[in-house]
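The next block holds one structure in the form of structure tokens; read it before the comments.
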Amino acid sequence: PGSAPGGSPRPVGAATSYAATTAATDPTGWGKGWQVVESNFETPPIIFFTSDQTLTALYKDSASIDLRAQTSTDGGLTWSAQQATGFSSVSLNNVASGVFDPTTNRYLFVDINGTVFFSTSLSTRVWTIATGIPGAGLTQVPIQAMRVQSSTILVVGTDGGNAGVVCRSTNGGTSFACVAPPGIGNLNQNGSTVAPVTPNTWITLNSAREVWRSTDDGLTWALQATLTNGAGGATG
């Protein structure tokens with residue numbers, strides 16, 4: 001499905017997609033007919049698509065360090081406000097990307113500086129910081145930086161030295177182990193992404209439009225192709 005400016009789409013039904021900064025549904029499923037259904041988010045939200053068909057938009061309150069949530073149970077047409085916090089002693093930056101992990105029933109998100117937070121419930125308003133992310137964090141985290149497949153969660157970003165970093169968790173996001181695959185380049189905020197393909201296989205796209213692929217569940221990575229403009233397609 002297509003995308004809308006300012007956010008990444010999530011499938012809702014067979015012919016509906018959802019995207020943010022403002023909430024928009026696409027009944028065509030192909031990015032041709034976006035309809036704005038909610039525009040009250042104060043900062044760009046991230047969307048969790050949970051197993052009970054509930055969409056949750058999680059975003060930082062622009063006036064404080066509070067974290068707020070709105071939920072929809074009708075495919076994104078209508079939304080109800082909640083409040084989720086727990087950041088009274090934690091410096092919270094704008095949210096970059098997030099997932100709902102059905103294997104652990106955890107909500108996880110990564111902020112733009114690479115700090116990963118997780119919670120088992122939005123209503124408890126308690127969030128925990130994951131361990132294992134580099135001490136200085138990831139200085140540039142793309143909007144589609146975090147994905148979950150089976151029991152593996154991957155986060156990609158760029159460190160202070162402008163090198164791509166892939167962080168991997170197999171315990172629901174409690175802790176991560178990070179690697180900097182040689183030559184993977186800049187996995188920054190502009191255009192980079194990570195996605196599962198098949199069980200144990202992942203791909204990521206860097207800022208140079210290089211597609212990198214892992215076939216061992218994110219442990220090692222190899223250059224697969226370089227995307228080019230025009231009729232030539234991809235090389236590699």
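Naming scheme: A, B, ... for chains in displayed order of the structure tokens; residues 1 onward per chain; ligands 1 onward as shown.
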Exercise: Trp202 (chain A) partners within 8 Å, only C-alpha atoms, chain neighbours under 5 positions left out, as an mmCIF file with all heavy atoms, in the first residue's frame:
data_model
loop_
_atom_site.group_PDB
_atom_site.id
_atom_site.type_symbol
_atom_site.label_atom_id
_atom_site.label_comp_id
_atom_site.auth_asym_id
_atom_site.auth_seq_id
_atom_site.Cartn_x
_atom_site.Cartn_y
_atom_site.Cartn_z
ATOM 1 N N VAL A 194 13.680 -0.456 8.051
ATOM 2 C CA VAL A 194 13.984 -1.865 8.254
ATOM 3 C C VAL A 194 12.676 -2.625 8.194
ATOM 4 O O VAL A 194 11.625 -2.103 8.596
ATOM 5 C CB VAL A 194 14.701 -2.112 9.612
ATOM 6 C CG1 VAL A 194 13.790 -1.773 10.782
ATOM 7 C CG2 VAL A 194 15.221 -3.537 9.704
ATOM 8 N N ALA A 195 12.711 -3.848 7.638
ATOM 9 C CA ALA A 195 11.470 -4.608 7.486
ATOM 10 C C ALA A 195 11.766 -6.098 7.463
ATOM 11 O O ALA A 195 12.770 -6.535 6.885
ATOM 12 C CB ALA A 195 10.758 -4.206 6.199
ATOM 13 N N PRO A 196 10.879 -6.910 8.071
ATOM 14 C CA PRO A 196 10.996 -8.362 7.937
ATOM 15 C C PRO A 196 10.482 -8.803 6.576
ATOM 16 O O PRO A 196 9.555 -8.200 6.030
ATOM 17 C CB PRO A 196 10.103 -8.889 9.072
ATOM 18 C CG PRO A 196 9.087 -7.811 9.275
ATOM 19 C CD PRO A 196 9.776 -6.512 8.958
ATOM 20 N N VAL A 197 11.082 -9.854 6.021
ATOM 21 C CA VAL A 197 10.679 -10.360 4.709
ATOM 22 C C VAL A 197 10.078 -11.750 4.843
ATOM 23 O O VAL A 197 8.940 -11.999 4.449
ATOM 24 C CB VAL A 197 11.881 -10.386 3.740
ATOM 25 C CG1 VAL A 197 11.453 -10.906 2.379
ATOM 26 C CG2 VAL A 197 12.492 -9.005 3.611
ATOM 27 N N ARG A 213 20.695 -7.006 3.409
ATOM 28 C CA ARG A 213 19.842 -8.153 3.740
ATOM 29 C C ARG A 213 20.515 -9.035 4.787
ATOM 30 O O ARG A 213 21.729 -9.261 4.749
ATOM 31 C CB ARG A 213 19.588 -8.954 2.461
ATOM 32 C CG ARG A 213 18.650 -10.140 2.579
ATOM 33 C CD ARG A 213 18.317 -10.647 1.201
ATOM 34 N NE ARG A 213 17.419 -11.785 1.182
ATOM 35 C CZ ARG A 213 17.802 -13.044 1.023
ATOM 36 N NH1 ARG A 213 19.099 -13.321 0.846
ATOM 37 N NH2 ARG A 213 16.925 -14.018 1.028
ATOM 38 N N SER A 214 19.696 -9.521 5.717
ATOM 39 C CA SER A 214 20.153 -10.472 6.724
ATOM 40 C C SER A 214 19.315 -11.734 6.627
ATOM 41 O O SER A 214 18.086 -11.661 6.547
ATOM 42 C CB SER A 214 20.020 -9.885 8.134
ATOM 43 O OG SER A 214 20.276 -10.883 9.114
ATOM 44 N N THR A 215 19.966 -12.885 6.625
ATOM 45 C CA THR A 215 19.249 -14.165 6.569
ATOM 46 C C THR A 215 19.415 -14.961 7.853
ATOM 47 O O THR A 215 19.006 -16.121 7.921
ATOM 48 C CB THR A 215 19.736 -15.010 5.373
ATOM 49 O OG1 THR A 215 21.151 -15.209 5.476
ATOM 50 C CG2 THR A 215 19.418 -14.328 4.054
ATOM 51 N N ASP A 217 18.364 -13.670 10.981
ATOM 52 C CA ASP A 217 17.547 -12.960 11.960
ATOM 53 C C ASP A 217 18.237 -11.720 12.525
ATOM 54 O O ASP A 217 18.117 -11.402 13.697
ATOM 55 C CB ASP A 217 17.138 -13.896 13.095
ATOM 56 C CG ASP A 217 15.823 -13.484 13.755
ATOM 57 O OD1 ASP A 217 15.044 -12.753 13.111
ATOM 58 O OD2 ASP A 217 15.586 -13.875 14.908
ATOM 59 N N GLY A 218 18.973 -11.024 11.658
ATOM 60 C CA GLY A 218 19.543 -9.745 12.034
ATOM 61 C C GLY A 218 20.930 -9.776 12.616
ATOM 62 O O GLY A 218 21.464 -8.733 13.010
#
Env of Val156 (chain A): 12 Å cut, atoms = only C-alpha atoms, seq-sep filter 2 positions within chain, self excluded. Answer as a PyMOL selection string. chain A and resi 96-98+110-116+133-134+137-147+153-154+158-159+163-169+176-181+184-189+192-195+202-206+212+218
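Across A:Ala57, A:Ala130, A:Val99, A:Ala222, the tightest approach to Ala81 (chain A) is made by A:Ala57 when counting only C-alpha atoms.
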Would you pick out the contacts of Thr152 (chain A) at 6 Å or less, using only C-alpha atoms, so that residues sharing its chain but fewer than 3 positions from it are not included, and give the list as an mmCIF file with all heavy atoms, in the first residue's frame?
data_model
loop_
_atom_site.group_PDB
_atom_site.id
_atom_site.type_symbol
_atom_site.label_atom_id
_atom_site.label_comp_id
_atom_site.auth_asym_id
_atom_site.auth_seq_id
_atom_site.Cartn_x
_atom_site.Cartn_y
_atom_site.Cartn_z
ATOM 1 N N VAL A 148 9.080 -5.725 14.380
ATOM 2 C CA VAL A 148 9.057 -6.976 15.131
ATOM 3 C C VAL A 148 8.682 -8.114 14.197
ATOM 4 O O VAL A 148 7.851 -7.966 13.308
ATOM 5 C CB VAL A 148 8.074 -6.888 16.327
ATOM 6 C CG1 VAL A 148 6.650 -6.607 15.836
ATOM 7 C CG2 VAL A 148 8.108 -8.143 17.170
ATOM 8 N N GLN A 149 9.343 -9.249 14.379
ATOM 9 C CA GLN A 149 9.024 -10.468 13.639
ATOM 10 C C GLN A 149 9.248 -11.643 14.575
ATOM 11 O O GLN A 149 10.347 -11.844 15.076
ATOM 12 C CB GLN A 149 9.883 -10.622 12.382
ATOM 13 C CG GLN A 149 9.632 -11.943 11.669
ATOM 14 C CD GLN A 149 10.421 -12.087 10.374
ATOM 15 O OE1 GLN A 149 9.851 -12.424 9.355
ATOM 16 N NE2 GLN A 149 11.713 -11.843 10.403
ATOM 17 N N SER A 169 16.832 -7.461 19.692
ATOM 18 C CA SER A 169 16.349 -7.998 20.956
ATOM 19 C C SER A 169 15.554 -9.272 20.710
ATOM 20 O O SER A 169 14.766 -9.344 19.763
ATOM 21 C CB SER A 169 15.455 -6.983 21.680
ATOM 22 O OG SER A 169 14.873 -7.551 22.845
ATOM 23 N N THR A 170 15.751 -10.267 21.560
ATOM 24 C CA THR A 170 14.969 -11.506 21.483
ATOM 25 C C THR A 170 14.233 -11.771 22.791
ATOM 26 O O THR A 170 13.745 -12.879 23.014
ATOM 27 C CB THR A 170 15.868 -12.711 21.144
ATOM 28 O OG1 THR A 170 16.914 -12.806 22.125
ATOM 29 C CG2 THR A 170 16.478 -12.571 19.761
#
So how far away is CA of Leu223 (chain A) from CA of Gly132 (chain A), in Å? 25.4 Å
Rounded to one decimal, what separation in Å do you get between CA of Gln53 (chain A) and CA of Asn105 (chain A)?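 Taking CA of Gln53 (chain A) and CA of Asn105 (chain A), their separation equals 13.7 Å.
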